[in-house]
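Structure file start_12.json (JSON, C-alpha atoms) is printed below.
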```json
[["chain", "number", "residue", "atom", "x", "y", "z"],
["A", 5, "MET", "CA", 144.46, 106.80, 95.60],
["A", 6, "THR", "CA", 145.69, 108.44, 98.75],
["A", 7, "ASN", "CA", 149.32, 108.53, 97.72],
["A", 8, "ARG", "CA", 149.44, 112.06, 96.30],
["A", 9, "PRO", "CA", 148.43, 114.35, 99.13],
["A", 10, "GLU", "CA", 150.30, 117.29, 97.63],
["A", 11, "THR", "CA", 147.80, 117.48, 94.75],
["A", 12, "ARG", "CA", 144.72, 116.41, 96.68],
["A", 13, "VAL", "CA", 142.18, 119.20, 97.05],
["A", 14, "LEU", "CA", 139.13, 117.20, 98.05],
["A", 15, "GLU", "CA", 137.97, 113.87, 99.40],
["A", 16, "THR", "CA", 134.24, 113.48, 99.86],
["A", 17, "ALA", "CA", 131.23, 111.21, 99.53],
["A", 18, "ALA", "CA", 129.37, 111.09, 96.22],
["A", 19, "GLY", "CA", 126.27, 112.73, 97.63],
["A", 20, "PRO", "CA", 124.13, 115.80, 97.10],
["A", 21, "GLY", "CA", 126.71, 118.14, 98.65],
["A", 22, "ALA", "CA", 129.62, 116.99, 96.53],
["A", 23, "LEU", "CA", 129.11, 119.40, 93.64],
["A", 24, "GLY", "CA", 129.29, 122.36, 95.98],
["A", 25, "GLU", "CA", 132.42, 120.96, 97.58],
["A", 26, "ILE", "CA", 134.03, 120.50, 94.15],
["A", 27, "GLU", "CA", 133.19, 124.11, 93.30],
["A", 28, "MET", "CA", 134.72, 125.33, 96.56],
["A", 29, "ALA", "CA", 137.85, 123.22, 96.04],
["A", 30, "LEU", "CA", 138.31, 124.86, 92.64],
["A", 31, "GLU", "CA", 137.80, 128.31, 94.14],
["A", 32, "ARG", "CA", 140.60, 127.58, 96.62],
["A", 33, "THR", "CA", 142.79, 126.40, 93.72],
["A", 34, "TRP", "CA", 142.20, 129.61, 91.77],
["A", 35, "SER", "CA", 142.89, 131.75, 94.83],
["A", 36, "ALA", "CA", 146.23, 130.00, 95.22],
["A", 37, "ASN", "CA", 147.00, 130.31, 91.47],
["A", 38, "PRO", "CA", 146.04, 133.81, 90.35],
["A", 39, "HIS", "CA", 147.80, 133.38, 86.98],
["A", 40, "VAL", "CA", 145.08, 131.02, 85.71],
["A", 41, "PRO", "CA", 142.93, 133.04, 83.28],
["A", 42, "HIS", "CA", 139.25, 133.71, 83.95],
["A", 43, "THR", "CA", 138.13, 131.74, 80.88],
["A", 44, "VAL", "CA", 140.13, 128.69, 81.95],
["A", 45, "ARG", "CA", 138.62, 128.87, 85.43],
["A", 46, "MET", "CA", 135.15, 129.03, 83.91],
["A", 47, "ASP", "CA", 135.82, 126.15, 81.51],
["A", 48, "MET", "CA", 137.29, 123.96, 84.24],
["A", 49, "GLY", "CA", 134.31, 124.75, 86.44],
["A", 50, "ILE", "CA", 131.95, 123.66, 83.67],
["A", 51, "ALA", "CA", 133.86, 120.44, 83.01],
["A", 52, "ALA", "CA", 134.40, 119.54, 86.67],
["A", 53, "GLY", "CA", 130.71, 120.08, 87.38],
["A", 54, "GLU", "CA", 129.72, 117.73, 84.57],
["A", 55, "ILE", "CA", 132.16, 114.99, 85.51],
["A", 56, "GLY", "CA", 131.28, 115.33, 89.19],
["A", 57, "ALA", "CA", 127.55, 115.13, 88.40],
["A", 58, "ASN", "CA", 128.18, 112.06, 86.25],
["A", 59, "ILE", "CA", 130.01, 110.31, 89.09],
["A", 60, "ILE", "CA", 127.32, 111.24, 91.62],
["A", 61, "GLU", "CA", 124.47, 110.15, 89.33],
["A", 62, "HIS", "CA", 126.03, 106.76, 88.66],
["A", 63, "ALA", "CA", 126.86, 106.29, 92.33],
["A", 64, "ALA", "CA", 123.28, 106.88, 93.42],
["A", 65, "SER", "CA", 122.00, 103.35, 93.00],
["A", 66, "GLY", "CA", 124.34, 101.31, 95.14],
["A", 67, "TYR", "CA", 126.88, 101.37, 97.94],
["A", 68, "PRO", "CA", 128.52, 104.58, 99.23],
["A", 69, "VAL", "CA", 131.03, 105.96, 96.73],
["A", 70, "ARG", "CA", 134.01, 108.16, 97.55],
["A", 71, "ILE", "CA", 135.38, 110.89, 95.29],
["A", 72, "TRP", "CA", 138.93, 112.22, 95.34],
["A", 73, "LEU", "CA", 139.92, 115.32, 93.40],
["A", 74, "ASP", "CA", 143.53, 116.11, 92.54],
["A", 75, "VAL", "CA", 144.67, 119.30, 90.87],
["A", 76, "GLN", "CA", 147.97, 120.22, 89.27],
["A", 77, "VAL", "CA", 148.50, 123.77, 88.06],
["A", 78, "SER", "CA", 151.46, 124.59, 85.81],
["A", 79, "PRO", "CA", 152.34, 127.96, 84.27],
["A", 80, "SER", "CA", 150.24, 127.10, 81.19],
["A", 81, "ARG", "CA", 147.89, 124.24, 82.07],
["A", 82, "VAL", "CA", 145.50, 122.93, 84.68],
["A", 83, "ASN", "CA", 145.06, 119.19, 85.17],
["A", 84, "LEU", "CA", 142.23, 117.82, 87.26],
["A", 85, "GLU", "CA", 141.84, 114.18, 88.13],
["A", 86, "PHE", "CA", 138.71, 112.72, 89.62],
["A", 87, "THR", "CA", 139.03, 109.29, 91.20],
["A", 88, "ASP", "CA", 135.99, 107.40, 92.44],
["A", 89, "ASP", "CA", 135.46, 103.91, 93.76],
["A", 90, "GLY", "CA", 132.06, 103.42, 92.11],
["A", 91, "GLU", "CA", 131.15, 100.90, 89.45],
["A", 92, "PRO", "CA", 133.06, 101.07, 86.16],
["A", 93, "ALA", "CA", 131.61, 103.70, 83.82],
["A", 94, "GLN", "CA", 130.38, 102.42, 80.46],
["A", 95, "ILE", "CA", 131.87, 105.22, 78.40],
["A", 96, "ASP", "CA", 133.25, 105.35, 74.89],
["A", 97, "MET", "CA", 134.79, 108.81, 74.92],
["A", 98, "ASP", "CA", 135.35, 108.75, 71.14],
["A", 99, "ALA", "CA", 131.62, 108.25, 70.60],
["A", 100, "VAL", "CA", 130.60, 111.26, 72.71],
["A", 101, "ARG", "CA", 128.67, 113.73, 70.59],
["A", 102, "MET", "CA", 126.48, 116.72, 71.33],
["A", 103, "PRO", "CA", 122.88, 115.44, 71.07],
["A", 104, "ASP", "CA", 120.06, 117.04, 69.08],
["A", 105, "ASP", "CA", 118.79, 120.43, 70.22],
["A", 106, "MET", "CA", 115.59, 118.98, 71.71],
["A", 107, "ALA", "CA", 117.30, 116.21, 73.72],
["A", 108, "GLU", "CA", 116.76, 116.54, 77.45],
["A", 109, "ARG", "CA", 119.77, 114.41, 78.42],
["A", 110, "GLY", "CA", 123.20, 113.43, 77.21],
["A", 111, "ARG", "CA", 125.04, 116.76, 76.95],
["A", 112, "GLY", "CA", 127.29, 116.46, 79.99],
["A", 113, "LEU", "CA", 130.32, 114.68, 78.58],
["A", 114, "ALA", "CA", 130.06, 116.48, 75.24],
["A", 115, "LEU", "CA", 130.04, 119.80, 77.06],
["A", 116, "ALA", "CA", 133.04, 118.78, 79.19],
["A", 117, "LYS", "CA", 134.96, 117.72, 76.08],
["A", 118, "ALA", "CA", 134.13, 121.00, 74.37],
["A", 119, "VAL", "CA", 135.76, 123.13, 77.07],
["A", 120, "LEU", "CA", 138.83, 120.93, 77.58],
["A", 121, "ASP", "CA", 141.94, 120.13, 75.62],
["A", 122, "GLU", "CA", 141.70, 116.49, 76.76],
["A", 123, "LEU", "CA", 139.17, 114.40, 78.62],
["A", 124, "THR", "CA", 140.24, 110.85, 79.43],
["A", 125, "TYR", "CA", 138.50, 108.07, 81.29],
["A", 126, "ARG", "CA", 140.30, 104.97, 82.45],
["A", 127, "ARG", "CA", 139.40, 102.19, 84.77],
["A", 128, "ALA", "CA", 142.05, 100.70, 87.00],
["A", 129, "ASP", "CA", 141.35, 99.92, 90.64],
["A", 130, "CYS", "CA", 138.95, 102.86, 90.53],
["A", 131, "ASN", "CA", 137.45, 105.16, 87.94],
["A", 132, "HIS", "CA", 139.84, 107.88, 86.83],
["A", 133, "TRP", "CA", 138.70, 110.95, 84.93],
["A", 134, "ILE", "CA", 141.50, 113.21, 83.73],
["A", 135, "LEU", "CA", 140.64, 116.72, 82.63],
["A", 136, "VAL", "CA", 143.29, 118.83, 80.90],
["A", 137, "SER", "CA", 142.59, 122.49, 80.32],
["A", 138, "LYS", "CA", 143.25, 124.37, 77.14],
["A", 139, "HIS", "CA", 146.72, 125.87, 76.93],
["A", 140, "PHE", "CA", 147.24, 129.38, 78.28],
["A", 141, "PRO", "CA", 148.06, 132.24, 78.33],
["B", 18, "MET", "CA", 121.37, 132.22, 88.76],
["B", 19, "GLU", "CA", 125.11, 132.36, 88.11],
["B", 20, "THR", "CA", 125.87, 128.99, 86.53],
["B", 21, "ILE", "CA", 124.09, 126.28, 84.59],
["B", 22, "ASP", "CA", 125.04, 122.69, 83.82],
["B", 23, "SER", "CA", 123.75, 120.05, 81.43],
["B", 24, "SER", "CA", 120.95, 118.95, 83.75],
["B", 25, "GLY", "CA", 119.75, 122.54, 83.89],
["B", 26, "LEU", "CA", 119.83, 122.67, 80.09],
["B", 27, "GLY", "CA", 117.67, 119.53, 80.03],
["B", 28, "ALA", "CA", 115.14, 121.23, 82.27],
["B", 29, "LEU", "CA", 115.12, 124.30, 80.00],
["B", 30, "ILE", "CA", 114.53, 122.12, 76.93],
["B", 31, "SER", "CA", 111.70, 120.36, 78.75],
["B", 32, "GLY", "CA", 110.22, 123.78, 79.50],
["B", 33, "LEU", "CA", 110.73, 124.92, 75.91],
["B", 34, "LYS", "CA", 108.87, 121.88, 74.59],
["B", 35, "ALA", "CA", 105.97, 122.50, 76.97],
["B", 36, "ALA", "CA", 105.87, 126.17, 76.03],
["B", 37, "ARG", "CA", 105.87, 125.42, 72.31],
["B", 38, "GLN", "CA", 103.13, 122.82, 72.71],
["B", 39, "GLY", "CA", 101.06, 125.58, 74.26],
["B", 40, "GLY", "CA", 101.82, 127.88, 71.34],
["B", 41, "GLY", "CA", 104.42, 129.88, 73.26],
["B", 42, "ASP", "CA", 108.17, 130.12, 73.51],
["B", 43, "LEU", "CA", 110.83, 130.10, 76.22],
["B", 44, "ARG", "CA", 113.53, 132.74, 76.31],
["B", 45, "ILE", "CA", 116.46, 133.36, 78.62],
["B", 46, "ALA", "CA", 116.58, 136.78, 80.25],
["B", 47, "ALA", "CA", 119.93, 138.30, 81.22],
["B", 48, "PRO", "CA", 122.01, 135.11, 81.25],
["B", 49, "SER", "CA", 125.34, 135.12, 83.10],
["B", 50, "GLU", "CA", 128.61, 134.92, 81.18],
["B", 51, "GLN", "CA", 128.86, 131.22, 82.08],
["B", 52, "ALA", "CA", 125.30, 130.52, 80.92],
["B", 53, "VAL", "CA", 125.95, 132.29, 77.58],
["B", 54, "ALA", "CA", 129.06, 130.15, 77.10],
["B", 55, "VAL", "CA", 127.22, 126.91, 77.92],
["B", 56, "LEU", "CA", 124.33, 127.78, 75.59],
["B", 57, "GLU", "CA", 126.77, 128.50, 72.75],
["B", 58, "LEU", "CA", 128.88, 125.38, 73.36],
["B", 59, "THR", "CA", 125.79, 123.17, 73.22],
["B", 60, "ASN", "CA", 124.34, 125.11, 70.25],
["B", 61, "LEU", "CA", 121.23, 125.75, 72.31],
["B", 62, "ASN", "CA", 121.53, 129.47, 71.70],
["B", 63, "ARG", "CA", 119.79, 128.58, 68.43],
["B", 64, "VAL", "CA", 116.60, 127.46, 70.18],
["B", 65, "LEU", "CA", 116.77, 129.26, 73.54],
["B", 66, "LYS", "CA", 117.00, 132.93, 72.67],
["B", 67, "ALA", "CA", 118.77, 135.16, 75.16],
["B", 68, "THR", "CA", 117.61, 138.70, 75.86],
["B", 69, "ASP", "CA", 119.10, 141.51, 77.92],
["B", 70, "SER", "CA", 116.23, 141.73, 80.38],
["B", 71, "PRO", "CA", 112.91, 140.06, 81.26],
["B", 72, "ASP", "CA", 111.06, 142.96, 79.66],
["B", 73, "SER", "CA", 112.83, 142.64, 76.32],
["B", 74, "ALA", "CA", 112.17, 138.88, 76.28],
["B", 75, "PHE", "CA", 108.68, 139.77, 75.14],
["B", 76, "ASP", "CA", 109.88, 141.93, 72.25],
["B", 77, "ASP", "CA", 109.52, 140.31, 68.86],
["B", 78, "GLU", "CA", 112.59, 142.28, 67.81],
["B", 79, "SER", "CA", 114.71, 140.18, 70.12],
["B", 80, "THR", "CA", 114.14, 136.96, 68.19]]
```

Show this structure as structure tokens.
Amino acid sequence: MTNRPETRVLETAAGPGALGEIEMALERTWSANPHVPHTVRMDMGIAAGEIGANIIEHAASGYPVRIWLDVQVSPSRVNLEFTDDGEPAQIDMDAVRMPDDMAERGRGLALAKAVLDELTYRRADCNHWILVSKHFP
Amino acid sequence: METIDSSGLGALISGLKAARQGGGDLRIAAPSEQAVAVLELTNLNRVLKATDSPDSAFDDEST
């Protein structure tokens, strides 16, 4: 998980400051890639915030968890990959649906899926969350 | 407030429920572009009405 330093934009602890660090890492990415449209930046910010919050929430109960964020920007896509060494996530991505209007929980993954072209979770040595933006321009 | 996430939406729904139990309503005044997008993506624009300003949130015409 440390073998791709050219794409690595962040390594941090899954704590209360991590969401702000993720946001700042994305801001640096957009500054370095001015061709990425405003709407894609906003959508990736929404999705990255939800996935980051999910990792942090599920890391809260046990041992210290690390988060790595890798970003690849092409002329027409943005790929983000979160890696974390927390417990395996119990996620069936195909079953993710937007809950009822009055639900107070459970929108995070559905919201992330809605703004992305692809959202993939896989468990290998760590948890891997792969976020692929919608195609642009 | 510039951005909102799903946990913030949960808090708004909690507030909406409390307001409705008291015979009131909860409206969103002058949401940011990101907040408008999140409300629409989650369909919550149907239950959390957005208005241009705090003053107009009290107008029945805005519903």

Pull out every residue of chain B that has at least one atom within 8 Å of chain A, counting only C-alpha atoms, and report them as a PyMOL selection string. chain B and resi 22-24+26-28+30-31+34+51+55+58-61+64

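Between Ala18 in chain A and the residues A:Asp74, A:Asp89, A:Ser35, A:Ala52, the shortest atom-to-atom distance, using only C-alpha atoms, involves A:Asp89.
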
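Across A:Arg101, A:Arg12, A:Lys138, A:Arg127, the tightest approach to Pro41 in chain A is made by A:Lys138 when counting all atoms listed in the file.
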
Could you give me, as a short mmCIF file (atom, residue, chain, number, x, y, z; two decimals) with C-alpha atoms, in the coordinates of the input, the residues within 9 Å of Ala93 in chain A, counting all atoms listed in the file and dropping anything in the same chain fewer than 5 positions from it?
```cif
data_model
loop_
_atom_site.label_atom_id
_atom_site.label_comp_id
_atom_site.auth_asym_id
_atom_site.auth_seq_id
_atom_site.Cartn_x
_atom_site.Cartn_y
_atom_site.Cartn_z
CA ILE A 59 130.01 110.31 89.09
CA HIS A 62 126.03 106.76 88.66
CA TYR A 125 138.50 108.07 81.29
CA ARG A 126 140.30 104.97 82.45
CA ARG A 127 139.40 102.19 84.77
CA ASN A 131 137.45 105.16 87.94
#
```

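Note that the spacing between CA of Val69 in chain A and CA of Pro92 in chain A amounts to 11.8 Å.
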
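Minimum atom-to-atom distance to Leu65 in chain B, evaluated using only C-alpha atoms, belongs to B:Leu29 out of B:Ala47, B:Gly40, B:Ala52, B:Leu29.
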
Using CA of Gln94 in chain A and CA of Gln76 in chain A as the two end points, give the distance in Å to one decimal. 26.5 Å

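Selecting by distance to (118.7, 135.8, 82.2) with a limit of 8 Å and using only C-alpha atoms, one obtains Met18, Ile45, Ala46, Ala47, Pro48, Ser49, Ala67, Thr68, Asp69, Ser70 and Pro71 of chain B.
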
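Here the question is which of B:Lys66, B:Gly25, B:Gly32, B:Ser73 gets nearest to Arg44 in chain B using only C-alpha atoms, and that residue is B:Lys66.
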
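Distances to Glu50 in chain B were evaluated for A:Gly19, A:Val136, A:Glu25, A:His42 using all atoms listed in the file, and the minimum falls at A:His42.
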
re CA of Glu19 in chain B and CA of His132 in chain A: distance 28.6 Å

Centre and edge lengths of an axis-aligned box around all listed atoms of range 55-72 of chain B, with 8 Å added on each side, are to be given in Å to one decimal, as lines of an AutoDock Vina configuration file.
```
center_x = 120.0
center_y = 133.1
center_z = 74.8
size_x = 33.8
size_y = 35.8
size_z = 28.8
```
